[in-house]
$ cat run.pdb   # PDB, C-alpha atoms
ATOM      1  CA  MET A   2     -19.120   1.611  -9.830
ATOM      2  CA  LYS A   3     -15.752   2.099 -11.544
ATOM      3  CA  GLN A   4     -12.836   0.517  -9.738
ATOM      4  CA  ALA A   5      -9.576   2.220  -8.911
ATOM      5  CA  GLN A   6      -6.948   2.183 -11.633
ATOM      6  CA  VAL A   7      -4.382  -0.614 -11.538
ATOM      7  CA  LEU A   8      -0.958   0.973 -11.897
ATOM      8  CA  THR A   9       1.633  -0.072 -14.444
ATOM      9  CA  ASP A  10       5.360  -0.060 -13.702
ATOM     10  CA  LYS A  11       5.575   3.124 -15.780
ATOM     11  CA  ASP A  12       2.822   4.735 -13.653
ATOM     12  CA  CYS A  13       4.636   3.804 -10.437
ATOM     13  CA  LYS A  14       7.922   5.238 -11.703
ATOM     14  CA  ARG A  15       6.187   8.482 -12.705
ATOM     15  CA  VAL A  16       4.546   8.756  -9.268
ATOM     16  CA  MET A  17       7.853   8.113  -7.481
ATOM     17  CA  ALA A  18       9.660  10.679  -9.638
ATOM     18  CA  ASN A  19       7.053  13.293  -8.704
ATOM     19  CA  VAL A  20       7.086  12.314  -5.034
ATOM     20  CA  SER A  21      10.875  12.616  -4.858
ATOM     21  CA  ARG A  22      10.595  16.286  -5.853
ATOM     22  CA  SER A  23       7.813  17.160  -3.418
ATOM     23  CA  ALA A  24       7.399  18.046   0.240
ATOM     24  CA  PHE A  25       7.313  15.062   2.607
ATOM     25  CA  ALA A  26       8.957  12.887  -0.064
ATOM     26  CA  GLU A  27      10.217  10.162   2.308
ATOM     27  CA  ARG A  28       6.893   9.910   4.153
ATOM     28  CA  ASN A  29       4.818   9.789   0.986
ATOM     29  CA  ARG A  30       7.125   7.314  -0.725
ATOM     30  CA  CYS A  31       6.954   4.905   2.209
ATOM     31  CA  ALA A  32       3.172   5.206   2.568
ATOM     32  CA  LEU A  33       2.655   4.528  -1.138
ATOM     33  CA  GLN A  34       5.043   1.573  -1.051
ATOM     34  CA  LEU A  35       3.066  -0.028   1.795
ATOM     35  CA  SER A  36       0.037   0.175  -0.455
ATOM     36  CA  TRP A  37       1.823  -1.175  -3.541
ATOM     37  CA  LEU A  38       4.153  -3.745  -1.956
ATOM     38  CA  ALA A  39       2.065  -5.001   0.962
ATOM     39  CA  GLY A  40      -1.476  -4.395  -0.261
ATOM     40  CA  MET A  41      -2.389  -2.333   2.770
ATOM     41  CA  ARG A  42      -5.562  -0.254   2.875
ATOM     42  CA  VAL A  43      -5.058   3.499   3.257
ATOM     43  CA  GLY A  44      -6.821   3.389   6.644
ATOM     44  CA  GLU A  45      -4.406   0.706   7.845
ATOM     45  CA  ILE A  46      -1.431   2.769   6.710
ATOM     46  CA  ALA A  47      -2.809   5.864   8.446
ATOM     47  CA  ALA A  48      -3.328   3.913  11.695
ATOM     48  CA  LEU A  49       0.255   2.610  11.924
ATOM     49  CA  ASN A  50       2.405   3.470  14.896
ATOM     50  CA  VAL A  51       6.192   3.252  14.951
ATOM     51  CA  GLY A  52       6.086   0.113  17.125
ATOM     52  CA  ASP A  53       3.974  -1.656  14.517
ATOM     53  CA  VAL A  54       6.876  -1.607  12.050
ATOM     54  CA  LEU A  55      10.006  -1.299  14.233
ATOM     55  CA  ASP A  56      11.008  -3.611  17.068
ATOM     56  CA  ALA A  57      12.515  -2.404  20.370
ATOM     57  CA  ASP A  58      16.000  -2.297  18.783
ATOM     58  CA  GLY A  59      14.798  -0.143  15.881
ATOM     59  CA  ASN A  60      14.905  -2.986  13.354
ATOM     60  CA  VAL A  61      12.177  -3.246  10.731
ATOM     61  CA  ARG A  62       9.769  -6.096  11.382
ATOM     62  CA  SER A  63       9.125  -8.708   8.685
ATOM     63  CA  GLU A  64       5.408  -8.512   9.377
ATOM     64  CA  ILE A  65       2.941  -6.039  10.807
ATOM     65  CA  GLN A  66       0.390  -7.270  13.339
ATOM     66  CA  LEU A  67      -2.614  -5.009  12.814
ATOM     67  CA  LYS A  68      -5.120  -4.805  15.644
ATOM     68  CA  ALA A  69      -8.853  -4.900  14.907
ATOM     69  CA  ALA A  70      -9.046  -1.131  15.502
ATOM     70  CA  GLN A  71      -6.495  -0.580  12.705
ATOM     71  CA  THR A  72      -8.301  -2.673  10.083
ATOM     72  CA  LYS A  73     -11.555  -2.782   8.210
ATOM     73  CA  GLY A  74     -14.008  -4.996  10.061
ATOM     74  CA  ASP A  75     -13.674  -6.390  13.559
ATOM     75  CA  LYS A  76     -10.641  -8.576  13.051
ATOM     76  CA  GLY A  77      -6.903  -7.958  13.234
ATOM     77  CA  ARG A  78      -4.653  -9.251  10.497
ATOM     78  CA  THR A  79      -1.020  -9.884   9.691
ATOM     79  CA  VAL A  80       0.625  -7.984   6.851
ATOM     80  CA  LEU A  81       3.749  -9.638   5.502
ATOM     81  CA  LEU A  82       6.532  -7.328   4.344
ATOM     82  CA  ASN A  83       8.827  -8.335   1.516
ATOM     83  CA  ALA A  84      12.460  -7.215   1.446
ATOM     84  CA  GLN A  85      11.684  -4.133  -0.655
ATOM     85  CA  ALA A  86       8.918  -2.961   1.702
ATOM     86  CA  GLN A  87      11.232  -3.499   4.674
ATOM     87  CA  ALA A  88      13.945  -1.458   2.954
ATOM     88  CA  GLU A  89      11.492   1.387   2.267
ATOM     89  CA  ILE A  90      10.459   1.443   5.933
ATOM     90  CA  ALA A  91      14.111   1.435   7.039
ATOM     91  CA  ILE A  92      14.883   4.440   4.819
ATOM     92  CA  TYR A  93      11.863   6.322   6.126
ATOM     93  CA  ALA A  94      12.540   5.362   9.756
ATOM     94  CA  ARG A  95      15.910   7.145   9.567
ATOM     95  CA  THR A  96      14.022  10.421   9.026
ATOM     96  CA  LEU A  97      12.011  10.064  12.266
ATOM     97  CA  LYS A  98      13.252  12.109  15.182
ATOM     98  CA  GLN A  99      13.516  10.042  18.381
ATOM     99  CA  PRO A 100      10.329   8.078  17.820
ATOM    100  CA  THR A 101       8.628   6.082  20.543
ATOM    101  CA  PRO A 102       6.714   2.889  19.713
ATOM    102  CA  TYR A 103       3.433   4.725  20.317
ATOM    103  CA  ASP A 104       4.136   7.630  17.960
ATOM    104  CA  PRO A 105       2.260   7.706  14.659
ATOM    105  CA  LEU A 106       4.408   6.316  11.867
ATOM    106  CA  PHE A 107       3.054   8.896   9.424
ATOM    107  CA  ARG A 108       2.292  12.429  10.529
ATOM    108  CA  SER A 109       0.413  15.126   8.681
ATOM    109  CA  ARG A 110       1.860  18.517   7.835
ATOM    110  CA  VAL A 111       0.757  19.746  11.288
ATOM    111  CA  GLY A 112       2.318  16.782  13.111
ATOM    112  CA  LYS A 113      -0.833  14.774  13.843
ATOM    113  CA  GLN A 114      -1.592  11.172  12.926
ATOM    114  CA  PHE A 115      -3.455  10.927   9.643
ATOM    115  CA  SER A 116      -7.069   9.872   9.515
ATOM    116  CA  ALA A 117      -7.924   7.421   6.739
ATOM    117  CA  ASN A 118      -9.671  10.229   4.866
ATOM    118  CA  SER A 119      -6.821  12.725   5.172
ATOM    119  CA  LEU A 120      -4.233  10.192   3.937
ATOM    120  CA  CYS A 121      -6.632   9.266   1.141
ATOM    121  CA  GLN A 122      -6.600  12.929   0.073
ATOM    122  CA  VAL A 123      -2.782  12.925   0.109
ATOM    123  CA  PHE A 124      -2.737   9.853  -2.163
ATOM    124  CA  LEU A 125      -5.265  11.444  -4.544
ATOM    125  CA  ARG A 126      -3.179  14.622  -4.772
ATOM    126  CA  ILE A 127      -0.004  12.599  -5.429
ATOM    127  CA  TYR A 128      -1.662  10.604  -8.212
ATOM    128  CA  ASP A 129      -3.246  13.731  -9.681
ATOM    129  CA  ASP A 130       0.111  15.557  -9.655
ATOM    130  CA  ALA A 131       1.585  12.594 -11.559
ATOM    131  CA  GLY A 132      -1.165  12.844 -14.187
ATOM    132  CA  LEU A 133      -2.997   9.671 -13.156
ATOM    133  CA  ASP A 134      -6.575  10.893 -13.268
ATOM    134  CA  HIS A 135      -8.221   7.545 -12.440
ATOM    135  CA  ALA A 136      -5.909   6.448  -9.640
ATOM    136  CA  THR A 137      -7.224   6.518  -6.079
ATOM    137  CA  SER A 138      -5.986   5.494  -2.660
ATOM    138  CA  HIS A 139      -7.187   1.992  -3.538
ATOM    139  CA  SER A 140      -5.016   1.765  -6.676
ATOM    140  CA  GLY A 141      -1.987   0.461  -4.793
ATOM    141  CA  ARG A 142      -4.000  -2.336  -3.221
ATOM    142  CA  ARG A 143      -5.557  -3.322  -6.565
ATOM    143  CA  THR A 144      -2.111  -3.194  -8.176
ATOM    144  CA  PHE A 145      -0.664  -5.452  -5.454
ATOM    145  CA  ILE A 146      -3.399  -8.062  -5.870
ATOM    146  CA  THR A 147      -3.498  -7.916  -9.685
ATOM    147  CA  THR A 148       0.291  -8.154 -10.008
ATOM    148  CA  LEU A 149       0.446 -11.246  -7.816
ATOM    149  CA  ALA A 150      -2.522 -12.831  -9.622
ATOM    150  CA  HIS A 151      -0.792 -12.312 -12.975
ATOM    151  CA  LYS A 152       2.285 -14.036 -11.536
ATOM    152  CA  GLY A 153       0.200 -17.117 -10.759
ATOM    153  CA  VAL A 154      -0.495 -16.659  -7.038
ATOM    154  CA  SER A 155      -3.728 -18.454  -6.160
ATOM    155  CA  VAL A 156      -6.796 -16.429  -5.253
ATOM    156  CA  ARG A 157      -6.929 -18.163  -1.859
ATOM    157  CA  VAL A 158      -3.428 -16.903  -1.018
ATOM    158  CA  LEU A 159      -4.312 -13.460  -2.367
ATOM    159  CA  ALA A 160      -7.416 -13.309  -0.150
ATOM    160  CA  GLU A 161      -5.296 -14.056   2.901
ATOM    161  CA  LEU A 162      -2.676 -11.451   1.960
ATOM    162  CA  ALA A 163      -5.414  -8.864   1.361
ATOM    163  CA  GLY A 164      -7.253  -9.656   4.573
ATOM    164  CA  HIS A 165     -10.427 -10.613   2.716
ATOM    165  CA  ARG A 166     -12.841 -13.090   4.272
ATOM    166  CA  SER A 167     -14.179 -14.113   0.867
ATOM    167  CA  ILE A 168     -12.244 -14.988  -2.286
ATOM    168  CA  SER A 169     -15.073 -13.450  -4.337
ATOM    169  CA  THR A 170     -14.073 -10.063  -2.900
ATOM    170  CA  THR A 171     -10.470 -10.673  -3.922
ATOM    171  CA  GLN A 172     -11.482 -11.757  -7.416
ATOM    172  CA  ARG A 173     -13.138  -8.367  -8.007
ATOM    173  CA  TYR A 174      -9.764  -6.680  -7.430
ATOM    174  CA  ILE A 175      -7.988  -8.571 -10.199
ATOM    175  CA  GLU A 176      -7.862  -6.743 -13.501
ATOM    176  CA  LEU A 177      -7.655  -8.851 -16.631
ATOM    177  CA  ASN A 178      -6.266  -7.614 -19.908
ATOM    178  CA  GLU A 179      -5.612  -9.075 -23.340
ATOM    179  CA  ASN A 180      -1.945  -9.846 -22.601
ATOM    180  CA  VAL A 181      -2.874 -11.925 -19.555
ATOM    181  CA  LEU A 182      -5.569 -13.801 -21.483
ATOM    182  CA  ARG A 183      -3.204 -14.484 -24.390
ATOM    183  CA  ALA A 184      -0.490 -15.741 -22.045
ATOM    184  CA  ALA A 185      -3.024 -18.049 -20.395
ATOM    185  CA  VAL A 186      -4.028 -19.753 -23.631
ATOM    186  CA  GLU A 187      -0.359 -20.233 -24.523
ATOM    187  CA  LEU A 188       0.011 -22.432 -21.418
ATOM    188  CA  ILE A 189      -1.913 -25.219 -23.185
TER     189      ILE A 189
END
$ encode --input "run.pdb" --output "structure tokens"
Amino acid sequence: MKQAQVLTDKDCKRVMANVSRSAFAERNRCALQLSWLAGMRVGEIAALNVGDVLDADGNVRSEIQLKAAQTKGDKGRTVLLNAQAQAEIAIYARTLKQPTPYDPLFRSRVGKQFSANSLCQVFLRIYDDAGLDHATSHSGRRTFITTLAHKGVSVRVLAELAGHRSISTTQRYIELNENVLRAAVELI
């Protein structure tokens, strides 16, 4: 089975340029960034409520505590948010109209909370519109893991960030290329 495309910086910029000119630009930008910057699964992103990312004062949380019902498997997990992800959420949160903590963070065109499948279709359309024929809703997650691996983050840390129980699962996400291999041999 072919894995989802790992996105380059150029790919991400092209996607963001297209998103900025489309309907629901703020929503789609934030959802994509949670995939790229936090390694979240599309189903986890779809399941988010406002209270998962904003505290009672409306401030963006530094981490998201996902409940078992919001994740793959029967176990909750913590998603850490870097400063850029927090900034993206803050920008998007300003577009929400009087949200309550129990409101869906991301709503569909008709105002309902996304299912994992419906948000997956949104991601596919966004990538297709940007000319990325092999990108899928899993591309952001693979990009997150591969980027950190190439920066020297250990596979054990990556597994924890990804919410994987096994490092062998995480290792399958990491894409190797000639530049990475060449850089590795130069470390000797």
$ resolve_selection --input "run.pdb" --expression "the PyMOL selection byres ((chain A and resi 68) around 12)" --output "number ranges by chain"
A: 45, 48-50, 53, 65-67, 69-80
$ atom_distance --input "run.pdb" --atom1 "CA of Pro100 in chain A" --atom2 "CA of Val51 in chain A"
7.0 Å
$ resolve_selection --input "run.pdb" --expression "the PyMOL selection byres ((chain A and resi 144) around 9)" --output "MDAnalysis selection string"
chainID A and resid 6:9 36:38 40 139:143 145:149 174:176
$ resolve_selection --input "run.pdb" --expression "the PyMOL selection byres ((chain A and resi 12-29) around 8)" --output "list in words"
Leu8, Thr9, Asp10, Lys11, Arg30, Cys31, Ala32, Leu33, Ile92, Tyr93, Thr96, Phe107, Ile127, Tyr128, Asp130, Ala131 and Leu133 of chain A
$ residues_around --input "run.pdb" --residues "Leu81 in chain A" --least-positions-apart "3" --cutoff "7 Å" --atoms "only C-alpha atoms" --output "ChimeraX atom specification"
/A:39,63-65
$ write_last_selection --input "run.pdb" --atoms "C-alpha atoms" --output "short mmCIF file (atom, residue, chain, number, x, y, z; two decimals), keeping the file's coordinate frame"
data_model
loop_
_atom_site.label_atom_id
_atom_site.label_comp_id
_atom_site.auth_asym_id
_atom_site.auth_seq_id
_atom_site.Cartn_x
_atom_site.Cartn_y
_atom_site.Cartn_z
CA ALA A 39 2.06 -5.00 0.96
CA SER A 63 9.12 -8.71 8.68
CA GLU A 64 5.41 -8.51 9.38
CA ILE A 65 2.94 -6.04 10.81
#
$ closest_residue --input "run.pdb" --among "A:Gly132, A:Val181, A:Cys121, A:Ser169" --to "Ala150 in chain A" --atoms "all atoms listed in the file"
A:Val181
$ atom_distance --input "run.pdb" --atom1 "CA of Glu179 in chain A" --atom2 "CA of Ala160 in chain A"
23.6 Å
$ closest_residue --input "run.pdb" --among "A:Ala57, A:Val43, A:Leu188, A:Gln99" --to "Leu125 in chain A" --atoms "all atoms listed in the file"
A:Val43
$ build_atoms --input "run.pdb" --residues "range 86-108 of chain A" --atoms "N, CA, C and O atoms" --output "mmCIF file, in the frame of the given file"
data_model
loop_
_atom_site.group_PDB
_atom_site.id
_atom_site.type_symbol
_atom_site.label_atom_id
_atom_site.label_comp_id
_atom_site.auth_asym_id
_atom_site.auth_seq_id
_atom_site.Cartn_x
_atom_site.Cartn_y
_atom_site.Cartn_z
ATOM 1 N N ALA A 86 9.738 -3.741 0.768
ATOM 2 C CA ALA A 86 8.918 -2.961 1.702
ATOM 3 C C ALA A 86 9.699 -2.686 2.986
ATOM 4 O O ALA A 86 9.654 -1.576 3.527
ATOM 5 N N GLN A 87 10.424 -3.686 3.470
ATOM 6 C CA GLN A 87 11.232 -3.499 4.674
ATOM 7 C C GLN A 87 12.308 -2.440 4.448
ATOM 8 O O GLN A 87 12.568 -1.601 5.322
ATOM 9 N N ALA A 88 12.920 -2.449 3.272
ATOM 10 C CA ALA A 88 13.945 -1.458 2.954
ATOM 11 C C ALA A 88 13.347 -0.053 2.899
ATOM 12 O O ALA A 88 13.956 0.906 3.384
ATOM 13 N N GLU A 89 12.169 0.075 2.331
ATOM 14 C CA GLU A 89 11.492 1.387 2.267
ATOM 15 C C GLU A 89 11.206 1.910 3.669
ATOM 16 O O GLU A 89 11.396 3.091 3.954
ATOM 17 N N ILE A 90 10.741 1.035 4.553
ATOM 18 C CA ILE A 90 10.459 1.443 5.933
ATOM 19 C C ILE A 90 11.755 1.865 6.626
ATOM 20 O O ILE A 90 11.789 2.863 7.347
ATOM 21 N N ALA A 91 12.821 1.109 6.411
ATOM 22 C CA ALA A 91 14.111 1.435 7.039
ATOM 23 C C ALA A 91 14.603 2.814 6.602
ATOM 24 O O ALA A 91 15.080 3.605 7.426
ATOM 25 N N ILE A 92 14.467 3.120 5.326
ATOM 26 C CA ILE A 92 14.883 4.440 4.819
ATOM 27 C C ILE A 92 14.050 5.530 5.483
ATOM 28 O O ILE A 92 14.577 6.535 5.959
ATOM 29 N N TYR A 93 12.748 5.321 5.523
ATOM 30 C CA TYR A 93 11.863 6.322 6.126
ATOM 31 C C TYR A 93 12.118 6.459 7.627
ATOM 32 O O TYR A 93 12.137 7.567 8.162
ATOM 33 N N ALA A 94 12.344 5.345 8.301
ATOM 34 C CA ALA A 94 12.540 5.362 9.756
ATOM 35 C C ALA A 94 13.734 6.230 10.151
ATOM 36 O O ALA A 94 13.724 6.855 11.214
ATOM 37 N N ARG A 95 14.736 6.300 9.285
ATOM 38 C CA ARG A 95 15.910 7.145 9.567
ATOM 39 C C ARG A 95 15.559 8.628 9.604
ATOM 40 O O ARG A 95 16.320 9.426 10.152
ATOM 41 N N THR A 96 14.428 9.013 9.026
ATOM 42 C CA THR A 96 14.022 10.421 9.026
ATOM 43 C C THR A 96 13.231 10.794 10.285
ATOM 44 O O THR A 96 12.994 11.975 10.527
ATOM 45 N N LEU A 97 12.817 9.796 11.063
ATOM 46 C CA LEU A 97 12.011 10.064 12.266
ATOM 47 C C LEU A 97 12.918 10.547 13.389
ATOM 48 O O LEU A 97 13.995 10.008 13.608
ATOM 49 N N LYS A 98 12.451 11.522 14.106
ATOM 50 C CA LYS A 98 13.252 12.109 15.182
ATOM 51 C C LYS A 98 12.849 11.514 16.528
ATOM 52 O O LYS A 98 11.772 11.801 17.028
ATOM 53 N N GLN A 99 13.707 10.675 17.078
ATOM 54 C CA GLN A 99 13.516 10.042 18.381
ATOM 55 C C GLN A 99 12.100 9.500 18.576
ATOM 56 O O GLN A 99 11.395 9.892 19.501
ATOM 57 N N PRO A 100 11.695 8.582 17.705
ATOM 58 C CA PRO A 100 10.329 8.078 17.820
ATOM 59 C C PRO A 100 10.167 7.109 18.994
ATOM 60 O O PRO A 100 11.102 6.399 19.356
ATOM 61 N N THR A 101 8.983 7.102 19.565
ATOM 62 C CA THR A 101 8.628 6.082 20.543
ATOM 63 C C THR A 101 7.723 5.079 19.827
ATOM 64 O O THR A 101 7.137 5.413 18.783
ATOM 65 N N PRO A 102 7.574 3.885 20.375
ATOM 66 C CA PRO A 102 6.714 2.889 19.713
ATOM 67 C C PRO A 102 5.264 3.342 19.542
ATOM 68 O O PRO A 102 4.563 2.863 18.661
ATOM 69 N N TYR A 103 4.826 4.288 20.359
ATOM 70 C CA TYR A 103 3.433 4.725 20.317
ATOM 71 C C TYR A 103 3.202 5.941 19.430
ATOM 72 O O TYR A 103 2.064 6.371 19.252
ATOM 73 N N ASP A 104 4.268 6.493 18.867
ATOM 74 C CA ASP A 104 4.136 7.630 17.960
ATOM 75 C C ASP A 104 3.528 7.172 16.636
ATOM 76 O O ASP A 104 3.798 6.054 16.181
ATOM 77 N N PRO A 105 2.751 8.043 15.996
ATOM 78 C CA PRO A 105 2.260 7.706 14.659
ATOM 79 C C PRO A 105 3.441 7.515 13.709
ATOM 80 O O PRO A 105 4.407 8.273 13.771
ATOM 81 N N LEU A 106 3.352 6.515 12.853
ATOM 82 C CA LEU A 106 4.408 6.316 11.867
ATOM 83 C C LEU A 106 4.387 7.453 10.847
ATOM 84 O O LEU A 106 5.432 7.986 10.480
ATOM 85 N N PHE A 107 3.197 7.831 10.415
ATOM 86 C CA PHE A 107 3.054 8.896 9.424
ATOM 87 C C PHE A 107 2.290 10.056 10.050
ATOM 88 O O PHE A 107 1.196 9.876 10.567
ATOM 89 N N ARG A 108 2.914 11.226 9.974
ATOM 90 C CA ARG A 108 2.292 12.429 10.529
ATOM 91 C C ARG A 108 1.928 13.393 9.402
ATOM 92 O O ARG A 108 2.640 13.488 8.408
#
